[in-house]
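Source file: entry-v3.txt. Holds: compact mmCIF, N, CA and C atoms and all ligand atoms.
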# COMPACT_ATOMS: atom_id res chain seq x y z
N MET S 4 0.84 -1.22 0.00
CA MET S 4 0.00 0.00 0.00
C MET S 4 0.87 1.25 0.00
N GLU S 5 1.89 1.23 0.85
CA GLU S 5 2.77 2.39 0.96
C GLU S 5 3.62 2.54 -0.31
N LYS S 6 4.07 1.38 -0.82
CA LYS S 6 4.87 1.39 -2.03
C LYS S 6 4.07 1.96 -3.21
N LYS S 7 2.80 1.59 -3.23
CA LYS S 7 1.92 2.04 -4.29
C LYS S 7 1.78 3.58 -4.25
N THR S 8 1.64 4.12 -3.02
CA THR S 8 1.51 5.57 -2.84
C THR S 8 2.78 6.29 -3.32
N ILE S 9 3.92 5.74 -2.91
CA ILE S 9 5.20 6.33 -3.32
C ILE S 9 5.33 6.30 -4.84
N PHE S 10 4.93 5.17 -5.41
CA PHE S 10 4.99 5.02 -6.87
C PHE S 10 4.12 6.07 -7.57
N LEU S 11 2.91 6.25 -7.01
CA LEU S 11 1.96 7.22 -7.59
C LEU S 11 2.50 8.65 -7.50
N ILE S 12 3.05 8.99 -6.33
CA ILE S 12 3.61 10.34 -6.15
C ILE S 12 4.76 10.56 -7.15
N GLY S 13 5.60 9.51 -7.25
CA GLY S 13 6.72 9.59 -8.20
C GLY S 13 6.24 9.81 -9.61
N LEU S 14 5.21 9.08 -9.99
CA LEU S 14 4.64 9.17 -11.34
C LEU S 14 4.11 10.58 -11.61
N ILE S 15 3.41 11.11 -10.60
CA ILE S 15 2.84 12.46 -10.74
C ILE S 15 3.96 13.49 -10.90
N LEU S 16 5.02 13.34 -10.08
CA LEU S 16 6.16 14.27 -10.14
C LEU S 16 6.82 14.24 -11.52
N ILE S 17 7.09 13.02 -12.00
CA ILE S 17 7.75 12.86 -13.30
C ILE S 17 6.90 13.48 -14.41
N THR S 18 5.60 13.21 -14.35
CA THR S 18 4.67 13.74 -15.36
C THR S 18 4.67 15.27 -15.34
N THR S 19 4.62 15.84 -14.13
CA THR S 19 4.59 17.30 -13.98
C THR S 19 5.86 17.92 -14.57
N VAL S 20 7.00 17.33 -14.18
CA VAL S 20 8.28 17.86 -14.68
C VAL S 20 8.32 17.74 -16.20
N GLY S 21 7.86 16.60 -16.71
CA GLY S 21 7.84 16.37 -18.16
C GLY S 21 7.02 17.40 -18.88
N ILE S 22 5.82 17.65 -18.37
CA ILE S 22 4.93 18.62 -19.01
C ILE S 22 5.54 20.02 -18.96
N THR S 23 6.11 20.38 -17.81
CA THR S 23 6.74 21.70 -17.66
C THR S 23 7.84 21.89 -18.70
N PHE S 24 8.70 20.88 -18.84
CA PHE S 24 9.79 20.96 -19.81
C PHE S 24 9.26 21.08 -21.24
N SER S 25 8.23 20.29 -21.55
CA SER S 25 7.64 20.33 -22.89
C SER S 25 7.12 21.71 -23.22
N VAL S 26 6.41 22.30 -22.25
CA VAL S 26 5.84 23.63 -22.45
C VAL S 26 6.95 24.66 -22.64
N MET S 27 8.01 24.52 -21.83
CA MET S 27 9.15 25.46 -21.94
C MET S 27 9.80 25.37 -23.31
N LEU S 28 10.04 24.13 -23.76
CA LEU S 28 10.69 23.92 -25.06
C LEU S 28 9.80 24.45 -26.19
N LEU S 29 8.51 24.17 -26.07
CA LEU S 29 7.55 24.56 -27.10
C LEU S 29 7.50 26.08 -27.22
N SER S 30 7.43 26.77 -26.07
CA SER S 30 7.33 28.23 -26.11
C SER S 30 8.62 28.84 -26.66
N GLN S 31 9.75 28.18 -26.36
CA GLN S 31 11.03 28.67 -26.87
C GLN S 31 11.06 28.54 -28.40
N ASN S 32 10.59 27.39 -28.89
CA ASN S 32 10.55 27.17 -30.34
C ASN S 32 9.69 28.20 -31.04
N ILE S 33 8.54 28.49 -30.44
CA ILE S 33 7.62 29.45 -31.04
C ILE S 33 8.28 30.83 -31.14
N SER S 34 8.92 31.25 -30.04
CA SER S 34 9.52 32.59 -30.07
C SER S 34 10.68 32.64 -31.05
N ASP S 35 11.44 31.52 -31.18
CA ASP S 35 12.53 31.48 -32.16
C ASP S 35 11.99 31.62 -33.58
N ASP S 36 10.88 30.92 -33.85
CA ASP S 36 10.27 31.00 -35.18
C ASP S 36 9.81 32.43 -35.48
N GLN S 37 9.22 33.06 -34.46
CA GLN S 37 8.74 34.43 -34.65
C GLN S 37 9.90 35.36 -34.96
N LYS S 38 11.01 35.16 -34.26
CA LYS S 38 12.19 35.99 -34.51
C LYS S 38 12.66 35.79 -35.95
N PHE S 39 12.65 34.53 -36.37
CA PHE S 39 13.16 34.20 -37.71
C PHE S 39 12.30 34.85 -38.79
N ASP S 40 10.99 34.97 -38.52
CA ASP S 40 10.08 35.51 -39.53
C ASP S 40 10.18 37.03 -39.69
N LYS S 41 10.78 37.69 -38.71
CA LYS S 41 10.87 39.15 -38.80
C LYS S 41 11.84 39.54 -39.92
N PRO S 42 11.38 40.28 -40.92
CA PRO S 42 12.25 40.61 -42.04
C PRO S 42 13.46 41.45 -41.64
N LYS S 43 13.36 42.20 -40.56
CA LYS S 43 14.47 43.06 -40.15
C LYS S 43 15.66 42.27 -39.65
N ASN S 44 15.47 40.98 -39.33
CA ASN S 44 16.60 40.16 -38.88
C ASN S 44 17.38 39.57 -40.05
N ILE S 45 16.89 39.77 -41.27
CA ILE S 45 17.59 39.26 -42.43
C ILE S 45 18.81 40.15 -42.66
N LYS S 46 19.96 39.50 -42.82
CA LYS S 46 21.21 40.23 -43.04
C LYS S 46 21.22 40.76 -44.47
N ALA S 47 21.39 42.05 -44.62
CA ALA S 47 21.44 42.64 -45.96
C ALA S 47 22.89 42.81 -46.37
N ASP S 48 23.28 42.17 -47.48
CA ASP S 48 24.63 42.37 -48.01
C ASP S 48 24.63 43.60 -48.90
N VAL S 49 23.56 43.75 -49.66
CA VAL S 49 23.42 44.87 -50.58
C VAL S 49 22.03 45.46 -50.40
N ILE S 50 21.94 46.77 -50.32
CA ILE S 50 20.62 47.39 -50.21
C ILE S 50 20.31 48.23 -51.45
N MET S 51 19.03 48.37 -51.71
CA MET S 51 18.54 49.31 -52.71
C MET S 51 18.00 50.48 -51.90
N PRO S 52 18.74 51.61 -51.89
CA PRO S 52 18.35 52.71 -51.02
C PRO S 52 17.16 53.50 -51.59
N THR S 53 16.71 54.47 -50.86
CA THR S 53 15.54 55.25 -51.29
C THR S 53 15.88 56.13 -52.49
N LYS S 54 14.86 56.39 -53.26
CA LYS S 54 14.89 57.34 -54.40
C LYS S 54 15.73 56.89 -55.59
N VAL S 55 16.14 55.63 -55.63
CA VAL S 55 16.93 55.19 -56.79
C VAL S 55 16.05 54.89 -58.00
N SER S 56 14.73 55.03 -57.84
CA SER S 56 13.84 54.84 -58.98
C SER S 56 13.88 56.05 -59.92
N ARG S 57 14.58 57.10 -59.48
CA ARG S 57 14.83 58.25 -60.37
C ARG S 57 16.31 58.27 -60.72
N PRO S 58 16.65 58.65 -61.95
CA PRO S 58 18.07 58.68 -62.33
C PRO S 58 18.87 59.60 -61.40
N GLY S 59 20.15 59.33 -61.26
CA GLY S 59 21.02 60.15 -60.42
C GLY S 59 21.97 59.30 -59.59
N CYS S 60 21.47 58.16 -59.12
CA CYS S 60 22.30 57.31 -58.25
C CYS S 60 23.50 56.74 -59.01
N GLU S 61 23.35 56.64 -60.35
CA GLU S 61 24.47 56.08 -61.13
C GLU S 61 25.69 57.00 -61.10
N ASN S 62 25.46 58.31 -60.87
CA ASN S 62 26.58 59.26 -60.82
C ASN S 62 27.49 59.03 -59.61
N THR S 63 26.90 58.52 -58.55
CA THR S 63 27.69 58.25 -57.35
C THR S 63 27.84 56.75 -57.09
N ASP S 64 27.45 55.96 -58.10
CA ASP S 64 27.57 54.51 -58.01
C ASP S 64 26.85 53.98 -56.76
N SER S 65 25.67 54.50 -56.51
CA SER S 65 24.97 54.14 -55.27
C SER S 65 23.52 53.69 -55.51
N CYS S 66 23.27 53.08 -56.69
CA CYS S 66 21.92 52.55 -56.93
C CYS S 66 21.71 51.27 -56.13
N TYR S 67 22.78 50.49 -56.04
CA TYR S 67 22.85 49.36 -55.11
C TYR S 67 24.02 49.68 -54.19
N ILE S 68 23.86 49.48 -52.91
CA ILE S 68 24.95 49.80 -51.97
C ILE S 68 25.33 48.55 -51.18
N PRO S 69 26.59 48.08 -51.30
CA PRO S 69 27.61 48.57 -52.23
C PRO S 69 27.32 48.08 -53.65
N SER S 70 27.79 48.83 -54.63
CA SER S 70 27.51 48.45 -56.02
C SER S 70 28.37 47.27 -56.46
N LYS S 71 29.51 47.10 -55.76
CA LYS S 71 30.36 45.93 -56.04
C LYS S 71 30.56 45.18 -54.74
N ILE S 72 30.35 43.88 -54.80
CA ILE S 72 30.56 43.08 -53.60
C ILE S 72 31.38 41.86 -53.96
N GLU S 73 32.36 41.54 -53.09
CA GLU S 73 33.21 40.38 -53.33
C GLU S 73 32.86 39.28 -52.34
N ILE S 74 32.66 38.10 -52.86
CA ILE S 74 32.37 36.94 -52.01
C ILE S 74 33.20 35.75 -52.47
N LYS S 75 33.11 34.68 -51.70
CA LYS S 75 33.80 33.45 -52.08
C LYS S 75 32.80 32.50 -52.73
N LYS S 76 33.32 31.65 -53.58
CA LYS S 76 32.52 30.63 -54.25
C LYS S 76 31.69 29.84 -53.24
N GLY S 77 30.41 29.67 -53.52
CA GLY S 77 29.52 28.93 -52.62
C GLY S 77 28.80 29.82 -51.61
N GLU S 78 29.21 31.08 -51.55
CA GLU S 78 28.54 32.01 -50.63
C GLU S 78 27.35 32.66 -51.32
N SER S 79 26.50 33.28 -50.50
CA SER S 79 25.30 33.92 -51.06
C SER S 79 25.36 35.43 -50.89
N VAL S 80 24.57 36.10 -51.67
CA VAL S 80 24.39 37.55 -51.51
C VAL S 80 22.90 37.78 -51.25
N ASN S 81 22.63 38.61 -50.27
CA ASN S 81 21.25 38.94 -49.94
C ASN S 81 21.01 40.42 -50.22
N TRP S 82 20.03 40.69 -51.08
CA TRP S 82 19.67 42.07 -51.43
C TRP S 82 18.37 42.43 -50.70
N VAL S 83 18.31 43.63 -50.18
CA VAL S 83 17.08 44.08 -49.54
C VAL S 83 16.65 45.41 -50.17
N ASN S 84 15.39 45.45 -50.57
CA ASN S 84 14.84 46.67 -51.15
C ASN S 84 14.40 47.62 -50.03
N GLN S 85 15.16 48.66 -49.82
CA GLN S 85 14.81 49.63 -48.76
C GLN S 85 14.13 50.87 -49.33
N ASP S 86 13.84 50.83 -50.62
CA ASP S 86 13.14 51.94 -51.26
C ASP S 86 11.63 51.74 -51.13
N ALA S 87 10.89 52.78 -51.48
CA ALA S 87 9.42 52.69 -51.45
C ALA S 87 8.87 52.23 -52.80
N ALA S 88 9.76 52.03 -53.77
CA ALA S 88 9.35 51.60 -55.10
C ALA S 88 9.78 50.15 -55.36
N PHE S 89 9.22 49.56 -56.40
CA PHE S 89 9.64 48.21 -56.81
C PHE S 89 11.03 48.27 -57.45
N HIS S 90 11.81 47.21 -57.24
CA HIS S 90 13.08 47.06 -57.94
C HIS S 90 13.31 45.59 -58.19
N SER S 91 14.27 45.32 -59.07
CA SER S 91 14.64 43.92 -59.27
C SER S 91 16.15 43.77 -59.19
N VAL S 92 16.57 42.54 -59.00
CA VAL S 92 17.98 42.16 -59.04
C VAL S 92 18.05 41.10 -60.12
N THR S 93 18.54 41.49 -61.29
CA THR S 93 18.47 40.63 -62.46
C THR S 93 19.86 40.49 -63.08
N ALA S 94 20.31 39.26 -63.27
CA ALA S 94 21.65 39.02 -63.81
C ALA S 94 21.76 39.47 -65.25
N GLY S 95 22.93 40.04 -65.57
CA GLY S 95 23.18 40.52 -66.93
C GLY S 95 23.16 42.02 -66.97
N SER S 96 22.82 42.56 -68.16
CA SER S 96 22.72 44.00 -68.29
C SER S 96 21.40 44.33 -68.97
N TYR S 97 21.01 45.58 -68.90
CA TYR S 97 19.70 45.99 -69.40
C TYR S 97 19.53 45.61 -70.88
N GLY S 98 18.47 44.90 -71.19
CA GLY S 98 18.24 44.42 -72.55
C GLY S 98 18.93 43.11 -72.85
N GLU S 99 19.87 42.72 -71.95
CA GLU S 99 20.59 41.46 -72.15
C GLU S 99 20.70 40.66 -70.84
N PRO S 100 19.57 40.25 -70.30
CA PRO S 100 19.65 39.46 -69.06
C PRO S 100 20.32 38.11 -69.32
N SER S 101 21.19 37.69 -68.41
CA SER S 101 21.93 36.44 -68.63
C SER S 101 21.10 35.21 -68.25
N GLY S 102 20.08 35.43 -67.43
CA GLY S 102 19.23 34.31 -67.03
C GLY S 102 19.72 33.57 -65.80
N LEU S 103 20.89 33.95 -65.26
CA LEU S 103 21.43 33.24 -64.09
C LEU S 103 20.54 33.43 -62.86
N PHE S 104 20.10 34.66 -62.63
CA PHE S 104 19.16 34.90 -61.53
C PHE S 104 18.29 36.11 -61.84
N ASP S 105 17.10 36.11 -61.25
CA ASP S 105 16.18 37.22 -61.42
C ASP S 105 15.22 37.24 -60.22
N SER S 106 15.27 38.30 -59.47
CA SER S 106 14.42 38.39 -58.28
C SER S 106 12.96 38.65 -58.67
N THR S 107 12.73 39.08 -59.90
CA THR S 107 11.47 39.71 -60.33
C THR S 107 11.20 40.92 -59.43
N TYR S 108 10.03 41.52 -59.50
CA TYR S 108 9.81 42.77 -58.76
C TYR S 108 9.83 42.54 -57.26
N LEU S 109 10.68 43.27 -56.58
CA LEU S 109 10.76 43.20 -55.12
C LEU S 109 9.95 44.35 -54.52
N ASP S 110 9.03 44.00 -53.65
CA ASP S 110 8.27 45.02 -52.92
C ASP S 110 9.21 45.73 -51.94
N PRO S 111 8.81 46.91 -51.46
CA PRO S 111 9.58 47.54 -50.38
C PRO S 111 9.75 46.57 -49.21
N GLU S 112 10.97 46.52 -48.69
CA GLU S 112 11.36 45.65 -47.56
C GLU S 112 11.52 44.19 -47.95
N GLU S 113 11.24 43.87 -49.19
CA GLU S 113 11.39 42.48 -49.62
C GLU S 113 12.86 42.20 -49.93
N SER S 114 13.25 40.93 -49.80
CA SER S 114 14.66 40.61 -50.06
C SER S 114 14.78 39.46 -51.05
N PHE S 115 15.98 39.33 -51.59
CA PHE S 115 16.28 38.28 -52.56
C PHE S 115 17.67 37.75 -52.26
N THR S 116 17.81 36.43 -52.30
CA THR S 116 19.11 35.80 -52.02
C THR S 116 19.50 34.88 -53.16
N PHE S 117 20.76 34.94 -53.54
CA PHE S 117 21.25 34.01 -54.56
C PHE S 117 22.61 33.46 -54.11
N ILE S 118 22.77 32.15 -54.30
CA ILE S 118 24.04 31.50 -53.96
C ILE S 118 24.87 31.37 -55.23
N PHE S 119 26.10 31.87 -55.17
CA PHE S 119 26.99 31.83 -56.34
C PHE S 119 27.90 30.61 -56.24
N GLU S 120 27.66 29.66 -57.13
CA GLU S 120 28.38 28.38 -57.08
C GLU S 120 29.67 28.40 -57.89
N ASN S 121 29.83 29.43 -58.74
CA ASN S 121 31.00 29.45 -59.63
C ASN S 121 31.75 30.77 -59.54
N VAL S 122 33.08 30.66 -59.69
CA VAL S 122 33.94 31.84 -59.71
C VAL S 122 33.60 32.67 -60.94
N GLY S 123 33.64 33.99 -60.78
CA GLY S 123 33.38 34.85 -61.94
C GLY S 123 32.96 36.24 -61.52
N THR S 124 32.75 37.10 -62.52
CA THR S 124 32.26 38.45 -62.28
C THR S 124 30.86 38.54 -62.87
N TYR S 125 29.91 38.88 -62.03
CA TYR S 125 28.52 38.86 -62.45
C TYR S 125 27.91 40.26 -62.38
N ASP S 126 27.56 40.80 -63.53
CA ASP S 126 26.85 42.08 -63.58
C ASP S 126 25.37 41.81 -63.34
N TYR S 127 24.73 42.77 -62.72
CA TYR S 127 23.28 42.69 -62.60
C TYR S 127 22.69 44.08 -62.68
N PHE S 128 21.38 44.14 -62.84
CA PHE S 128 20.71 45.43 -63.05
C PHE S 128 19.27 45.33 -62.56
N CYS S 129 18.55 46.45 -62.66
CA CYS S 129 17.14 46.50 -62.31
C CYS S 129 16.34 46.60 -63.60
N THR S 130 15.39 45.70 -63.79
CA THR S 130 14.63 45.68 -65.04
C THR S 130 13.72 46.91 -65.19
N LEU S 131 13.46 47.60 -64.09
CA LEU S 131 12.58 48.78 -64.13
C LEU S 131 13.35 50.08 -64.32
N HIS S 132 14.62 50.07 -63.90
CA HIS S 132 15.40 51.31 -63.91
C HIS S 132 16.78 51.02 -64.50
N PRO S 133 16.93 51.26 -65.81
CA PRO S 133 18.16 50.86 -66.53
C PRO S 133 19.45 51.41 -65.93
N TRP S 134 19.36 52.53 -65.20
CA TRP S 134 20.57 53.12 -64.62
C TRP S 134 21.07 52.38 -63.38
N MET S 135 20.23 51.50 -62.86
CA MET S 135 20.63 50.75 -61.65
C MET S 135 21.48 49.55 -62.03
N LYS S 136 22.77 49.60 -61.65
CA LYS S 136 23.70 48.51 -61.99
C LYS S 136 24.52 48.11 -60.80
N GLY S 137 24.82 46.84 -60.72
CA GLY S 137 25.69 46.35 -59.65
C GLY S 137 26.51 45.18 -60.14
N GLN S 138 27.43 44.72 -59.29
CA GLN S 138 28.32 43.64 -59.69
C GLN S 138 28.67 42.76 -58.49
N VAL S 139 28.69 41.46 -58.75
CA VAL S 139 29.13 40.50 -57.72
C VAL S 139 30.39 39.83 -58.24
N ILE S 140 31.45 39.90 -57.45
CA ILE S 140 32.71 39.25 -57.83
C ILE S 140 32.89 38.03 -56.94
N VAL S 141 32.92 36.86 -57.58
CA VAL S 141 33.02 35.59 -56.85
C VAL S 141 34.43 35.03 -57.04
N GLN S 142 35.12 34.82 -55.92
CA GLN S 142 36.52 34.32 -56.01
C GLN S 142 36.65 32.89 -55.52
CU CU D 1 14.87 49.70 -59.80
Rewrite the structure of this file - the entire thing - as structure tokens.
Amino acid sequence: MEKKTIFLIGLILITTVGITFSVMLLSQNISDDQKFDKPKNIKADVIMPTKVSRPGCENTDSCYIPSKIEIKKGESVNWVNQDAAFHSVTAGSYGEPSGLFDSTYLDPEESFTFIFENVGTYDYFCTLHPWMKGQVIVQ
């Protein structure tokens, strides 16, 4: 009788501790997911700053900032549109897209990531604004 009581108490304790841990882990997972979903936590390698939808940024080479970025083979570049207008990140040059990558129209705050698997120099541009040009150098 006494052994049974001890066993029951033990069972209740183990169950309680188990449930507490499960709830703790679950709530931690949820908050991690929420953090991950926040667009502001995305690391921007290159930004499209404000007002580049009008010509002028090409004079200071600042349509994409930085306009030239160097990475290693296998690494990715993440572009974030910080302007209030649509922009794209499209491989090649205006009128001659290479087809390697194309973000299509990026909404404000939207981002695009591409992984460069091969060494080379890659020009890119914005399909909406011919003056917007950038370059990725993969070593
Ligand atoms: Cu643009």
Margin query: Set the distance at 8 Å and use all atoms listed in the file: which residues neighbour stretch 129-136 of chain S once local chain neighbours fewer than 6 positions away are removed? I'd like the list as number ranges by chain.
Written below: S: 55-62, 64-67, 69-71, 89-98, 107
Note to self: Could you check the closest approach to S:Pro111 for each of S:Asn84, S:Glu78, S:Glu99, S:Gly137 and tell me which residue wins, using only N, CA and C atoms?
What the structure shows: S:Asn84
Check: What's the 6.5 Å shell around S:Thr116, counting only N, CA and C atoms, without same-chain residues fewer than 5 positions away, as a PyMOL selection string?
Finding: chain S and resi 79-82
Next item on the list: Choose the residue, out of S:Ala88, S:Val83, S:Ile72, S:Val49, that has the smallest atom-to-atom separation from ligand CU 1 (chain D); count all atoms listed in the file.
Entry: S:Ala88
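With all atoms listed in the file as the basis for measurement, S:Phe128 is the residue among S:Ile50, S:Phe128, S:Glu5, S:Gly123 that approaches ligand CU 1 (chain D) most closely.
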Check: What does the distance between atom CA of S:Gln85 and atom N of S:Val122 come to in Å, to one decimal place?
Finding: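 The value is 28.5 Å.
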Margin query: With distances taken over all atoms listed in the file, which residue among S:Leu103, S:Lys6, S:Met51, S:Phe119 lies nearest ligand CU 1 (chain D)?
Written below: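 Selected residue with least distance to ligand CU 1 (chain D): S:Met51.
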Next item on the list: Work out how far apart atom CA of S:Ser114 and atom N of S:Ile68 are and give it in Å to one decimal.
Entry: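 Computing the Euclidean distance for atom CA of S:Ser114 and atom N of S:Ile68 yields 13.1 Å.
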